[in-house]
>>> print(open('start.txt').read())   # compact mmCIF, C-alpha atoms and all ligand atoms
# COMPACT_ATOMS: atom_id res chain seq x y z
CA MET A 1 33.91 9.31 4.52
CA ILE A 2 30.35 8.40 5.63
CA LYS A 3 29.92 5.15 7.55
CA VAL A 4 26.70 3.17 7.52
CA GLY A 5 25.40 0.44 9.85
CA ILE A 6 22.59 -1.83 8.66
CA ILE A 7 20.22 -3.38 11.17
CA GLY A 8 18.71 -6.42 9.43
CA VAL A 9 20.98 -7.70 6.66
CA GLY A 10 18.50 -9.80 4.63
CA THR A 11 17.65 -9.58 0.93
CA VAL A 12 17.41 -5.77 0.85
CA GLY A 13 20.37 -5.21 3.20
CA THR A 14 22.58 -7.45 1.09
CA SER A 15 21.57 -5.47 -2.02
CA VAL A 16 22.38 -2.19 -0.22
CA VAL A 17 25.92 -3.43 0.51
CA GLN A 18 26.28 -4.65 -3.08
CA ILE A 19 24.98 -1.45 -4.73
CA LEU A 20 27.27 0.75 -2.60
CA LYS A 21 30.17 -1.40 -3.81
CA ASP A 22 29.16 -1.96 -7.47
CA ASN A 23 28.26 1.69 -8.07
CA ALA A 24 30.81 3.30 -5.75
CA ASP A 25 32.12 5.52 -8.58
CA VAL A 26 28.83 7.23 -9.41
CA ILE A 27 27.65 7.23 -5.77
CA SER A 28 30.81 8.91 -4.49
CA ALA A 29 30.70 11.47 -7.32
CA ARG A 30 27.06 12.29 -6.58
CA ALA A 31 27.47 12.39 -2.81
CA GLY A 32 30.79 14.24 -2.92
CA VAL A 33 32.11 11.79 -0.33
CA ASP A 34 32.85 8.04 -0.12
CA ILE A 35 30.18 5.91 1.57
CA ILE A 36 30.91 2.51 3.12
CA VAL A 37 28.92 0.00 5.10
CA LYS A 38 30.94 -0.61 8.25
CA SER A 39 28.75 -3.22 9.94
CA GLY A 40 25.46 -5.07 9.89
CA VAL A 41 23.19 -6.88 12.33
CA VAL A 42 21.98 -10.41 11.52
CA LYS A 43 20.03 -12.93 13.59
CA ASN A 44 22.20 -15.91 12.66
CA LEU A 45 25.92 -15.22 12.69
CA SER A 46 26.88 -18.70 11.50
CA LYS A 47 25.15 -18.31 8.09
CA GLU A 48 27.65 -17.56 5.29
CA ARG A 49 26.67 -14.35 3.42
CA GLY A 50 29.76 -13.49 1.38
CA LEU A 51 29.76 -9.85 2.57
CA ASP A 52 32.93 -7.99 3.51
CA ILE A 53 31.39 -6.02 6.39
CA LEU A 54 31.55 -6.63 10.14
CA LEU A 55 28.59 -8.73 11.29
CA THR A 56 27.10 -8.79 14.77
CA ASP A 57 23.88 -10.10 16.32
CA ASN A 58 23.63 -7.15 18.71
CA ALA A 59 22.04 -3.90 17.41
CA ASP A 60 23.78 -1.94 20.18
CA ASP A 61 27.12 -2.61 18.48
CA ILE A 62 25.91 -0.29 15.71
CA LEU A 63 23.73 2.06 17.73
CA ASN A 64 26.59 2.82 20.16
CA ASP A 65 29.34 2.95 17.53
CA SER A 66 30.51 6.57 17.39
CA GLU A 67 31.94 6.03 13.88
CA ILE A 68 28.54 5.20 12.37
CA ASP A 69 26.84 8.24 10.80
CA ILE A 70 23.75 6.61 9.31
CA VAL A 71 21.70 3.72 10.72
CA VAL A 72 19.71 1.80 8.11
CA GLU A 73 16.81 -0.09 9.69
CA LEU A 74 15.72 -3.09 7.59
CA MET A 75 14.57 -5.44 10.34
CA GLY A 76 10.81 -4.92 9.75
CA GLY A 77 8.05 -5.22 12.36
CA VAL A 78 6.82 -2.38 14.54
CA ASP A 79 7.72 -2.47 18.24
CA GLU A 80 11.33 -3.66 18.17
CA ALA A 81 12.12 -1.49 15.13
CA PHE A 82 10.62 1.53 16.93
CA GLU A 83 12.95 0.98 19.89
CA VAL A 84 15.94 0.64 17.56
CA VAL A 85 15.29 3.83 15.57
CA LYS A 86 14.50 5.81 18.75
CA LYS A 87 17.88 4.78 20.14
CA ALA A 88 19.61 5.67 16.86
CA LEU A 89 18.08 9.16 16.98
CA ALA A 90 18.93 9.54 20.68
CA ASN A 91 22.53 8.73 19.74
CA LYS A 92 22.39 11.50 17.09
CA LYS A 93 22.50 9.24 14.06
CA ALA A 94 20.65 9.85 10.81
CA VAL A 95 18.14 7.08 10.04
CA VAL A 96 17.05 5.44 6.80
CA THR A 97 14.26 2.88 6.93
CA ALA A 98 12.18 0.82 4.51
CA ASN A 99 9.72 -0.08 7.26
CA LYS A 100 6.19 0.94 6.23
CA ALA A 101 4.49 -0.74 9.21
CA LEU A 102 6.68 1.24 11.62
CA LEU A 103 5.79 4.49 9.83
CA ALA A 104 2.09 3.66 9.57
CA TYR A 105 1.97 3.71 13.37
CA HIS A 106 4.79 5.99 14.54
CA ARG A 107 5.68 8.49 11.79
CA TYR A 108 4.60 11.61 13.70
CA GLU A 109 6.41 10.60 16.90
CA LEU A 110 9.51 9.85 14.82
CA GLN A 111 9.25 13.21 13.07
CA ASP A 112 9.15 14.94 16.47
CA MET A 113 12.10 12.93 17.75
CA ALA A 114 14.21 13.40 14.62
CA LYS A 115 14.11 17.23 14.85
CA ASP A 116 17.27 18.27 12.99
CA LEU A 117 18.46 14.75 12.24
CA ALA A 118 17.71 13.27 8.83
CA PHE A 119 15.04 10.55 8.82
CA GLU A 120 14.40 9.14 5.36
CA TYR A 121 12.08 6.36 4.17
CA GLU A 122 11.84 6.38 0.36
CA ALA A 123 11.87 2.56 0.15
CA SER A 124 8.85 2.23 2.44
CA VAL A 125 6.38 3.00 -0.36
CA ALA A 126 6.46 1.29 -3.76
CA GLY A 127 10.05 -0.01 -3.43
CA GLY A 128 12.18 1.48 -6.18
CA ILE A 129 9.72 4.16 -7.33
CA PRO A 130 10.79 7.57 -5.94
CA ILE A 131 7.21 8.45 -5.02
CA ILE A 132 8.05 10.07 -1.68
CA ASN A 133 10.60 12.31 -3.33
CA ALA A 134 8.09 13.19 -6.05
CA LEU A 135 5.26 13.96 -3.64
CA ARG A 136 7.28 15.75 -0.94
CA ASP A 137 9.53 17.79 -3.24
CA GLY A 138 8.58 17.59 -6.91
CA LEU A 139 4.88 18.33 -6.33
CA SER A 140 5.21 20.56 -3.25
CA ALA A 141 3.68 23.54 -5.09
CA ASN A 142 0.35 21.72 -5.45
CA HIS A 143 -2.74 20.93 -3.43
CA ILE A 144 -2.97 17.19 -3.99
CA GLU A 145 -6.40 16.23 -5.32
CA SER A 146 -5.96 12.47 -5.40
CA ILE A 147 -3.54 9.58 -5.13
CA MET A 148 -4.56 6.25 -6.61
CA GLY A 149 -2.34 3.29 -7.13
CA ILE A 150 -1.19 -0.26 -7.09
CA MET A 151 0.98 -0.31 -3.98
CA ASN A 152 1.30 -4.04 -3.35
CA GLY A 153 3.22 -6.12 -5.86
CA THR A 154 2.10 -9.46 -4.41
CA CYS A 155 -1.60 -8.73 -4.93
CA ASN A 156 -0.99 -7.32 -8.38
CA TYR A 157 1.03 -10.40 -9.34
CA MET A 158 -1.76 -12.64 -8.05
CA MET A 159 -4.58 -10.73 -9.76
CA THR A 160 -2.66 -10.65 -13.04
CA LYS A 161 -2.03 -14.42 -13.00
CA MET A 162 -5.61 -15.19 -11.92
CA THR A 163 -6.92 -13.01 -14.76
CA ASN A 164 -4.58 -13.95 -17.59
CA GLU A 165 -3.91 -17.60 -16.80
CA GLY A 166 -6.85 -18.63 -14.60
CA VAL A 167 -4.42 -19.75 -11.87
CA ALA A 168 -6.03 -20.64 -8.52
CA TYR A 169 -5.60 -18.22 -5.59
CA ASP A 170 -3.63 -20.53 -3.24
CA ALA A 171 -1.18 -21.70 -5.92
CA ILE A 172 -0.38 -18.18 -7.02
CA LEU A 173 0.07 -16.89 -3.46
CA LYS A 174 2.62 -19.68 -2.88
CA GLU A 175 4.44 -18.65 -6.06
CA ALA A 176 4.55 -14.98 -4.97
CA GLN A 177 6.03 -16.07 -1.62
CA GLU A 178 8.66 -18.21 -3.33
CA LEU A 179 9.62 -15.28 -5.57
CA GLY A 180 10.20 -13.18 -2.44
CA TYR A 181 7.50 -10.58 -3.14
CA ALA A 182 5.27 -11.33 -0.15
CA GLU A 183 5.64 -10.07 3.41
CA ALA A 184 6.80 -12.54 6.10
CA ASP A 185 3.11 -12.87 6.98
CA PRO A 186 1.33 -12.76 3.57
CA THR A 187 -1.93 -11.71 5.26
CA PHE A 188 -0.39 -8.24 5.23
CA ASP A 189 -0.37 -8.41 1.41
CA VAL A 190 -3.65 -10.17 0.56
CA GLY A 191 -5.55 -8.47 3.39
CA GLY A 192 -4.64 -5.00 2.09
CA PHE A 193 -2.65 -3.95 5.21
CA ASP A 194 0.69 -3.51 3.46
CA ALA A 195 -0.91 -1.22 0.87
CA ALA A 196 -2.71 0.64 3.68
CA HIS A 197 0.56 1.29 5.52
CA LYS A 198 1.96 2.82 2.33
CA LEU A 199 -1.20 4.86 1.67
CA LEU A 200 -1.07 6.32 5.19
CA ILE A 201 2.53 7.46 4.64
CA LEU A 202 1.58 9.15 1.34
CA ALA A 203 -1.51 10.72 2.96
CA SER A 204 0.69 12.41 5.57
CA ILE A 205 2.93 13.93 2.91
CA ALA A 206 0.05 14.95 0.64
CA TYR A 207 -2.49 16.12 3.21
CA GLY A 208 -0.90 16.19 6.68
CA ILE A 209 -3.40 13.51 7.76
CA ASP A 210 -2.35 11.69 10.93
CA ALA A 211 -4.36 8.46 10.66
CA LYS A 212 -3.60 4.90 11.73
CA PRO A 213 -4.51 1.68 9.90
CA GLU A 214 -7.52 1.07 12.15
CA ASP A 215 -9.00 4.47 11.16
CA ILE A 216 -9.41 3.68 7.45
CA LEU A 217 -11.20 1.24 5.17
CA ILE A 218 -8.95 -1.75 4.44
CA GLU A 219 -10.06 -4.80 2.47
CA GLY A 220 -8.01 -7.37 0.58
CA ILE A 221 -8.36 -9.70 -2.36
CA GLN A 222 -9.18 -12.91 -0.45
CA ASN A 223 -12.77 -13.14 -1.73
CA ILE A 224 -12.09 -12.54 -5.42
CA SER A 225 -12.98 -15.54 -7.56
CA GLN A 226 -12.96 -16.48 -11.23
CA ASP A 227 -16.70 -15.48 -11.30
CA ASP A 228 -15.70 -11.88 -10.54
CA ILE A 229 -12.91 -11.98 -13.10
CA THR A 230 -15.40 -13.21 -15.73
CA PHE A 231 -17.73 -10.31 -14.93
CA ALA A 232 -14.83 -7.85 -15.06
CA LYS A 233 -13.73 -9.07 -18.48
CA GLU A 234 -17.26 -9.03 -19.85
CA PHE A 235 -17.86 -5.45 -18.72
CA GLY A 236 -14.42 -4.09 -19.67
CA TYR A 237 -12.72 -3.91 -16.28
CA ALA A 238 -9.50 -5.18 -14.66
CA ILE A 239 -9.55 -6.07 -10.96
CA LYS A 240 -6.76 -4.36 -8.98
CA LEU A 241 -6.03 -3.86 -5.29
CA LEU A 242 -5.86 -0.06 -5.08
CA GLY A 243 -4.84 2.41 -2.42
CA ILE A 244 -6.94 5.54 -2.85
CA ALA A 245 -6.65 8.98 -1.23
CA LYS A 246 -9.12 11.59 -2.43
CA LYS A 247 -9.72 15.15 -1.28
CA ASP A 248 -13.35 16.24 -1.08
CA GLY A 249 -13.67 19.77 0.35
CA ASN A 250 -12.03 19.70 3.77
CA GLU A 251 -12.23 15.92 4.01
CA VAL A 252 -9.91 13.25 2.68
CA GLU A 253 -11.03 9.69 2.07
CA LEU A 254 -8.45 6.96 2.51
CA ARG A 255 -9.21 3.42 1.44
CA VAL A 256 -7.63 0.21 0.25
CA HIS A 257 -9.72 -2.41 -1.51
CA ALA A 258 -10.06 -4.58 -4.59
CA SER A 259 -11.35 -2.34 -7.38
CA LEU A 260 -12.87 -2.74 -10.81
CA VAL A 261 -10.86 -0.38 -13.02
CA PRO A 262 -11.91 0.38 -16.63
CA GLN A 263 -9.47 -1.52 -18.88
CA GLU A 264 -8.50 1.62 -20.82
CA LYS A 265 -7.11 3.38 -17.71
CA MET A 266 -3.30 3.32 -17.35
CA ILE A 267 -3.54 1.78 -13.86
CA ALA A 268 -5.49 -1.18 -15.31
CA LYS A 269 -2.60 -1.98 -17.63
CA ILE A 270 -0.02 -2.31 -14.82
CA ASP A 271 0.52 -6.04 -14.53
CA GLY A 272 2.62 -8.53 -12.62
CA VAL A 273 4.60 -7.47 -9.56
CA MET A 274 4.93 -3.86 -10.78
CA ASN A 275 3.53 -0.92 -8.84
CA GLY A 276 1.98 2.20 -10.37
CA ILE A 277 0.70 5.33 -8.69
CA SER A 278 -1.24 8.25 -10.16
CA VAL A 279 -1.02 11.58 -8.31
CA VAL A 280 -3.22 14.50 -9.35
CA GLY A 281 -2.13 17.99 -8.27
CA ASP A 282 -4.29 21.10 -8.72
CA LYS A 283 -1.62 22.85 -10.79
CA VAL A 284 0.34 20.02 -12.43
CA GLY A 285 -2.64 17.81 -13.36
CA GLU A 286 -2.12 14.04 -13.44
CA THR A 287 1.34 12.50 -12.97
CA LEU A 288 2.03 8.77 -13.10
CA TYR A 289 4.81 6.72 -11.47
CA TYR A 290 5.61 3.16 -12.48
CA GLY A 291 8.26 0.66 -11.43
CA ALA A 292 9.27 -2.30 -9.29
CA GLY A 293 7.60 -2.13 -5.90
CA ALA A 294 9.40 -5.09 -4.35
CA GLY A 295 12.62 -7.05 -4.65
CA GLY A 296 16.13 -6.59 -3.23
CA ASN A 297 17.76 -4.33 -5.79
CA ALA A 298 14.74 -2.09 -6.45
CA THR A 299 14.13 -1.50 -2.75
CA ALA A 300 17.85 -1.06 -2.05
CA SER A 301 18.04 1.50 -4.88
CA ALA A 302 15.70 3.73 -2.84
CA VAL A 303 17.57 3.06 0.42
CA VAL A 304 20.90 4.02 -1.16
CA ALA A 305 19.36 7.16 -2.70
CA ASN A 306 18.42 8.26 0.83
CA ILE A 307 21.93 7.49 2.09
CA ILE A 308 23.43 9.58 -0.74
CA ASP A 309 21.04 12.43 0.00
CA ILE A 310 22.02 12.48 3.68
CA ALA A 311 25.73 12.14 2.89
CA ARG A 312 25.40 15.06 0.49
CA SER A 313 23.44 17.51 2.51
CA GLY A 314 22.55 16.33 6.02
CA LYS A 315 18.96 17.27 6.77
CA THR A 316 17.27 19.24 4.03
CA ARG A 317 13.52 18.96 4.54
CA PRO A 318 10.80 18.22 7.10
CA MET A 319 10.39 14.46 7.34
CA LEU A 320 6.69 14.38 6.40
CA GLY A 321 6.82 17.38 4.09
CA PHE A 322 5.13 20.05 6.25
CA ASP A 323 7.20 22.58 8.19
CA LYS A 324 4.12 23.76 10.09
CA PRO A 325 0.50 22.51 10.18
CA LEU A 326 -1.69 23.41 7.22
CA GLU A 327 -4.26 26.09 7.99
CA GLY A 328 -7.86 24.88 7.61
CA LYS A 329 -6.64 21.39 8.45
CA LEU A 330 -8.01 18.50 6.41
CA THR A 331 -9.79 15.70 8.28
CA LEU A 332 -10.40 12.06 7.51
CA LYS A 333 -13.77 11.35 5.85
CA PRO A 334 -15.75 8.74 7.84
CA THR A 335 -15.74 5.42 5.99
CA ASP A 336 -19.53 5.13 5.80
CA LYS A 337 -19.77 8.44 3.88
CA ILE A 338 -17.59 7.18 1.00
CA GLU A 339 -19.39 7.20 -2.36
CA SER A 340 -18.68 4.78 -5.19
CA LYS A 341 -20.19 2.55 -7.81
CA TYR A 342 -20.35 -1.04 -6.58
CA TYR A 343 -20.36 -4.55 -8.02
CA LEU A 344 -22.00 -7.38 -6.09
CA ARG A 345 -21.91 -11.14 -6.60
CA ILE A 346 -24.93 -12.69 -4.91
CA ASN A 347 -25.11 -16.48 -4.90
CA VAL A 348 -28.75 -17.59 -4.67
CA SER A 349 -30.99 -20.65 -4.91
CA ASP A 350 -32.40 -20.53 -8.43
CA LYS A 351 -36.15 -20.40 -7.82
CA ALA A 352 -39.19 -18.24 -8.58
CA GLY A 353 -39.39 -14.82 -6.95
CA VAL A 354 -35.74 -14.60 -5.84
CA LEU A 355 -34.72 -11.86 -8.25
CA ALA A 356 -37.81 -9.78 -7.38
CA ARG A 357 -37.02 -10.04 -3.64
CA ILE A 358 -33.41 -9.01 -4.20
CA THR A 359 -34.18 -6.03 -6.43
CA LYS A 360 -36.80 -4.83 -3.90
CA ILE A 361 -34.04 -4.66 -1.25
CA PHE A 362 -31.95 -2.55 -3.64
CA GLU A 363 -34.92 -0.18 -4.00
CA ASP A 364 -35.52 -0.08 -0.22
CA ASN A 365 -31.92 1.04 0.29
CA ASN A 366 -32.12 3.67 -2.43
CA ILE A 367 -29.55 1.85 -4.57
CA SER A 368 -29.95 2.01 -8.31
CA ILE A 369 -28.85 -0.94 -10.48
CA GLU A 370 -26.76 -0.15 -13.56
CA THR A 371 -26.10 -3.63 -15.05
CA MET A 372 -27.16 -7.16 -14.19
CA LEU A 373 -26.20 -10.68 -15.25
CA GLN A 374 -27.46 -14.03 -14.01
CA ARG A 375 -25.12 -17.00 -14.38
CA PRO A 376 -26.16 -20.55 -13.40
CA CYS A 377 -23.65 -22.22 -11.02
CA SER A 378 -25.21 -25.63 -10.50
CA ALA A 379 -28.60 -27.30 -11.09
CA ASP A 380 -30.22 -25.21 -8.37
CA SER A 381 -28.01 -22.16 -7.72
CA ALA A 382 -27.02 -19.08 -9.67
CA ASN A 383 -24.79 -16.02 -9.33
CA LEU A 384 -26.43 -12.64 -9.69
CA LEU A 385 -23.72 -10.22 -10.88
CA ILE A 386 -24.97 -6.68 -10.32
CA SER A 387 -23.34 -3.28 -10.69
CA THR A 388 -24.82 -0.09 -9.21
CA HIS A 389 -24.87 3.61 -9.97
CA ILE A 390 -23.04 5.85 -7.47
CA SER A 391 -24.17 4.87 -3.98
CA VAL A 392 -23.17 5.58 -0.38
CA GLU A 393 -21.04 3.04 1.52
CA ARG A 394 -23.40 3.01 4.53
CA ASP A 395 -26.38 2.08 2.31
CA ILE A 396 -24.44 -0.67 0.52
CA GLN A 397 -23.25 -2.19 3.80
CA ASN A 398 -26.81 -2.17 5.21
CA MET A 399 -28.13 -3.75 2.04
CA ILE A 400 -25.47 -6.48 2.06
CA LYS A 401 -26.44 -7.39 5.63
CA GLN A 402 -30.12 -7.62 4.66
CA ILE A 403 -29.38 -9.73 1.58
CA ALA A 404 -27.01 -12.04 3.49
CA SER A 405 -29.78 -12.83 5.99
CA LEU A 406 -32.20 -14.15 3.32
CA ASP A 407 -32.72 -17.92 3.39
CA PHE A 408 -32.25 -18.33 -0.39
CA VAL A 409 -28.88 -16.48 -0.36
CA ASN A 410 -26.06 -19.03 0.00
CA PHE A 411 -23.29 -16.83 1.47
CA THR A 412 -22.54 -13.18 2.20
CA PRO A 413 -22.47 -11.33 -1.14
CA VAL A 414 -19.03 -10.44 -2.48
CA MET A 415 -18.67 -6.69 -3.13
CA ILE A 416 -16.05 -4.89 -5.22
CA ARG A 417 -15.98 -1.12 -5.59
CA ILE A 418 -15.81 0.29 -9.13
CA VAL A 419 -13.44 3.24 -9.66
N1 LIG B 501 5.07 -7.31 0.08
C1 LIG B 501 5.28 -6.06 -0.55
C2 LIG B 501 4.63 -6.11 -1.93
C3 LIG B 501 6.76 -5.81 -0.68
O1 LIG B 501 4.22 -7.19 -2.35
O2 LIG B 501 4.49 -5.08 -2.56
C4 LIG B 501 7.09 -4.36 -0.91
O3 LIG B 501 6.62 -3.52 0.08
>>> encode(input="start.txt", output="structure tokens")
Amino acid sequence: MIKVGIIGVGTVGTSVVQILKDNADVISARAGVDIIVKSGVVKNLSKERGLDILLTDNADDILNDSEIDIVVELMGGVDEAFEVVKKALANKKAVVTANKALLAYHRYELQDMAKDLAFEYEASVAGGIPIINALRDGLSANHIESIMGIMNGTCNYMMTKMTNEGVAYDAILKEAQELGYAEADPTFDVGGFDAAHKLLILASIAYGIDAKPEDILIEGIQNISQDDITFAKEFGYAIKLLGIAKKDGNEVELRVHASLVPQEKMIAKIDGVMNGISVVGDKVGETLYYGAGAGGNATASAVVANIIDIARSGKTRPMLGFDKPLEGKLTLKPTDKIESKYYLRINVSDKAGVLARITKIFEDNNISIETMLQRPCSADSANLLISTHISVERDIQNMIKQIASLDFVNFTPVMIRIV
């Protein structure tokens, strides 16, 4: 029998206990051994949870319990969780975590510490979608050319509702929180950080890139308005928060931002809280993964899969997918070298000469306009909605600064990259 201890019995932890009980027949047959949750750590012991496991408010009760084989860390956060999993490894326990923030910062240290102990984290990226398994094992014969996907259910839910029903940003964020999709601090969702944590984990498995959140381009959806959605619809795009990893020679670009995606692309059709990730390998071509990226049962499905895998075989593979460093190591492409098509919304005073001044600044920065719309906003202001041909990030950022400083421009232009 394999005994599990769960540190952080919240929504996901409760689902882990429930799945191990509900599906004990198939789980035991697949693992070749019975698996039970012996105990769990909660903050508030007086709250009734209806679970038939031992509950404690002291993580050491699990970490020092010689009967526990696998520690499941579901407490979230970085520093405290890091201390807990380090202690679990020091006490020779296998670890399963769903904690993407922890891995975004400490995955290489944890890989070194784990050595021959299993350390699994399938639920950390895209909840129930087995994307880590697919990338680390199923596609291990390939050089990975690109990864592009919807990795945050909260943002996708919000963008879908704002697009299809015209719901206001604040109202829809509140709804996503009530439905339990959002992080404890929803800035992690709408600011793009949650998606970035997940992208960094995938980038390690695909490319061996050891980057931290502060090394890559991360933007959220906070500035998207109904004006941008109108433009997107008119020009045949959906607006999605995407995580993108792309290999270009020996460099890899990693970025998270709101993106205009052509409506006919599969990724553009992924709506609501669902996640979807496209991975292109040099031999396999494009593969696509779709499913629930958040929610108790979906996330717990991935946690339990890791538990079964460990119960079945112990440690079977290097944690981040590479047994030794890749020769001709790939490096992170500097953010200002990224190339893309761009869309800009420039809110201006509607008077003679304004358009000419703006387009001159485009020319000065070597940026070529592809499409342009002018939409009146009020009696004396208008939105200029402009898309560009392929341009360089550094040039666009310089141009935005110059445009923002003009006296007839009402606020810093909103920019969305077109993929
Ligand atoms: N807040 C995350 C999301 C939960 O919305 O996708 C799953 O990581």
>>> closest_atom_pairs(input="start.txt", of="chain A", to="ligand LIG 501 (chain B)", cutoff="8 Å", atoms="only C-alpha atoms and all ligand atoms", output="CSV")
residue,atom,partner,partner_atom,distance
A:Lys100,CA,B:LIG501,O3,7.6
A:Ser124,CA,B:LIG501,O3,6.6
A:Val125,CA,B:LIG501,O3,6.5
A:Ala126,CA,B:LIG501,O3,6.2
A:Gly127,CA,B:LIG501,C4,5.8
A:Met151,CA,B:LIG501,O2,6.1
A:Asn152,CA,B:LIG501,O2,3.4
A:Gly153,CA,B:LIG501,O2,3.7
A:Thr154,CA,B:LIG501,O1,3.7
A:Cys155,CA,B:LIG501,O1,6.5
A:Asn156,CA,B:LIG501,O1,8.0
A:Tyr181,CA,B:LIG501,O1,4.8
A:Ala182,CA,B:LIG501,N1,4.0
A:Glu183,CA,B:LIG501,N1,4.4
A:Pro186,CA,B:LIG501,N1,7.5
A:Phe188,CA,B:LIG501,N1,7.6
A:Asp189,CA,B:LIG501,N1,5.7
A:Asp194,CA,B:LIG501,C1,6.6
A:Ala195,CA,B:LIG501,O2,7.5
A:Val273,CA,B:LIG501,O1,7.2
A:Asn275,CA,B:LIG501,O2,7.6
A:Gly293,CA,B:LIG501,O2,5.4
A:Ala294,CA,B:LIG501,C4,4.2
A:Gly295,CA,B:LIG501,C3,7.2
A:Thr299,CA,B:LIG501,C4,7.8
>>> write_last_selection(input="start.txt", atoms="C-alpha atoms", output="PDB file, keeping the file's coordinate frame")
ATOM      1  CA  LYS A 100       6.190   0.940   6.230  1.00  0.00           C
ATOM      2  CA  SER A 124       8.850   2.230   2.440  1.00  0.00           C
ATOM      3  CA  VAL A 125       6.380   3.000  -0.360  1.00  0.00           C
ATOM      4  CA  ALA A 126       6.460   1.290  -3.760  1.00  0.00           C
ATOM      5  CA  GLY A 127      10.050  -0.010  -3.430  1.00  0.00           C
ATOM      6  CA  MET A 151       0.980  -0.310  -3.980  1.00  0.00           C
ATOM      7  CA  ASN A 152       1.300  -4.040  -3.350  1.00  0.00           C
ATOM      8  CA  GLY A 153       3.220  -6.120  -5.860  1.00  0.00           C
ATOM      9  CA  THR A 154       2.100  -9.460  -4.410  1.00  0.00           C
ATOM     10  CA  CYS A 155      -1.600  -8.730  -4.930  1.00  0.00           C
ATOM     11  CA  ASN A 156      -0.990  -7.320  -8.380  1.00  0.00           C
ATOM     12  CA  TYR A 181       7.500 -10.580  -3.140  1.00  0.00           C
ATOM     13  CA  ALA A 182       5.270 -11.330  -0.150  1.00  0.00           C
ATOM     14  CA  GLU A 183       5.640 -10.070   3.410  1.00  0.00           C
ATOM     15  CA  PRO A 186       1.330 -12.760   3.570  1.00  0.00           C
ATOM     16  CA  PHE A 188      -0.390  -8.240   5.230  1.00  0.00           C
ATOM     17  CA  ASP A 189      -0.370  -8.410   1.410  1.00  0.00           C
ATOM     18  CA  ASP A 194       0.690  -3.510   3.460  1.00  0.00           C
ATOM     19  CA  ALA A 195      -0.910  -1.220   0.870  1.00  0.00           C
ATOM     20  CA  VAL A 273       4.600  -7.470  -9.560  1.00  0.00           C
ATOM     21  CA  ASN A 275       3.530  -0.920  -8.840  1.00  0.00           C
ATOM     22  CA  GLY A 293       7.600  -2.130  -5.900  1.00  0.00           C
ATOM     23  CA  ALA A 294       9.400  -5.090  -4.350  1.00  0.00           C
ATOM     24  CA  GLY A 295      12.620  -7.050  -4.650  1.00  0.00           C
ATOM     25  CA  THR A 299      14.130  -1.500  -2.750  1.00  0.00           C
TER      26      THR A 299
END
>>> closest_residue(input="start.txt", among="A:Glu286, A:Asp57, A:Asp309, A:Glu393", to="Ala118 in chain A", atoms="only C-alpha atoms")
A:Asp309
>>> residues_around(input="start.txt", residues="Ala404 in chain A", least_positions_apart="4", cutoff="12 Å", atoms="only C-alpha atoms", output="list of chain:residue names")
A:Leu344, A:Arg345, A:Ile346, A:Asn347, A:Val348, A:Ile358, A:Ile361, A:Gln397, A:Asn398, A:Met399, A:Ile400, A:Phe408, A:Val409, A:Asn410, A:Phe411, A:Thr412, A:Pro413, A:Val414, A:Met415
>>> residues_around(input="start.txt", residues="range 276-279 of chain A", least_positions_apart="4", cutoff="8 Å", atoms="only C-alpha atoms", output="list in words")
Ile144, Glu145, Ser146, Ile147, Met148, Gly149, Ile150, Met151, Ile267, Ile270, Glu286, Thr287, Leu288, Tyr289, Tyr290 and Gly291 of chain A
>>> closest_residue(input="start.txt", among="A:Val33, A:Leu406, A:Leu110, A:Leu117", to="Arg357 in chain A", atoms="all atoms listed in the file")
A:Leu406
>>> residues_around(input="start.txt", residues="range 64-74 of chain A", least_positions_apart="6", cutoff="10 Å", atoms="all atoms listed in the file", output="ChimeraX atom specification")
/A:1-13,16,36-41,81-82,84-85,87-89,91-99,118-121,303-304,306-307,310-311
>>> closest_residue(input="start.txt", among="A:Met159, A:Ser301, A:Leu173, A:Ala245", to="Ala258 in chain A", atoms="all atoms listed in the file")
A:Met159
>>> closest_residue(input="start.txt", among="A:Asp25, A:Asp116, A:Glu234, A:Glu109", to="Thr371 in chain A", atoms="all atoms listed in the file")
A:Glu234
>>> closest_residue(input="start.txt", among="A:Ala206, A:Leu51, A:Met158, A:Ala31", to="Ala171 in chain A", atoms="all atoms listed in the file")
A:Met158
>>> axis_aligned_box(input="start.txt", around="range 22-36 of chain A", padding_each_side="6 Å", output="AutoDock Vina command-line options")
--center_x 30.0 --center_y 6.1 --center_z -3.1 --size_x 17.8 --size_y 28.2 --size_z 24.5
>>> atom_distance(input="start.txt", atom1="CA of Leu55 in chain A", atom2="CA of Leu179 in chain A")
26.2 Å
>>> closest_residue(input="start.txt", among="A:Asp60, A:Asp137, A:Asp22, A:Asp79", to="Met319 in chain A", atoms="only C-alpha atoms")
A:Asp137
>>> residues_around(input="start.txt", residues="Ser391 in chain A", least_positions_apart="3", cutoff="7 Å", atoms="only C-alpha atoms", output="ChimeraX atom specification")
/A:339-341,367
>>> residues_around(input="start.txt", residues="Ala104 in chain A", least_positions_apart="2", cutoff="9 Å", atoms="all atoms listed in the file", output="list in words")
Asn99, Lys100, Ala101, Leu102, His106, Arg107, Ala196, His197, Lys198, Leu199, Leu200, Ile201, Ala211, Lys212 and Pro213 of chain A
>>> atom_distance(input="start.txt", atom1="CA of Glu370 in chain A", atom2="CA of His389 in chain A")
5.5 Å
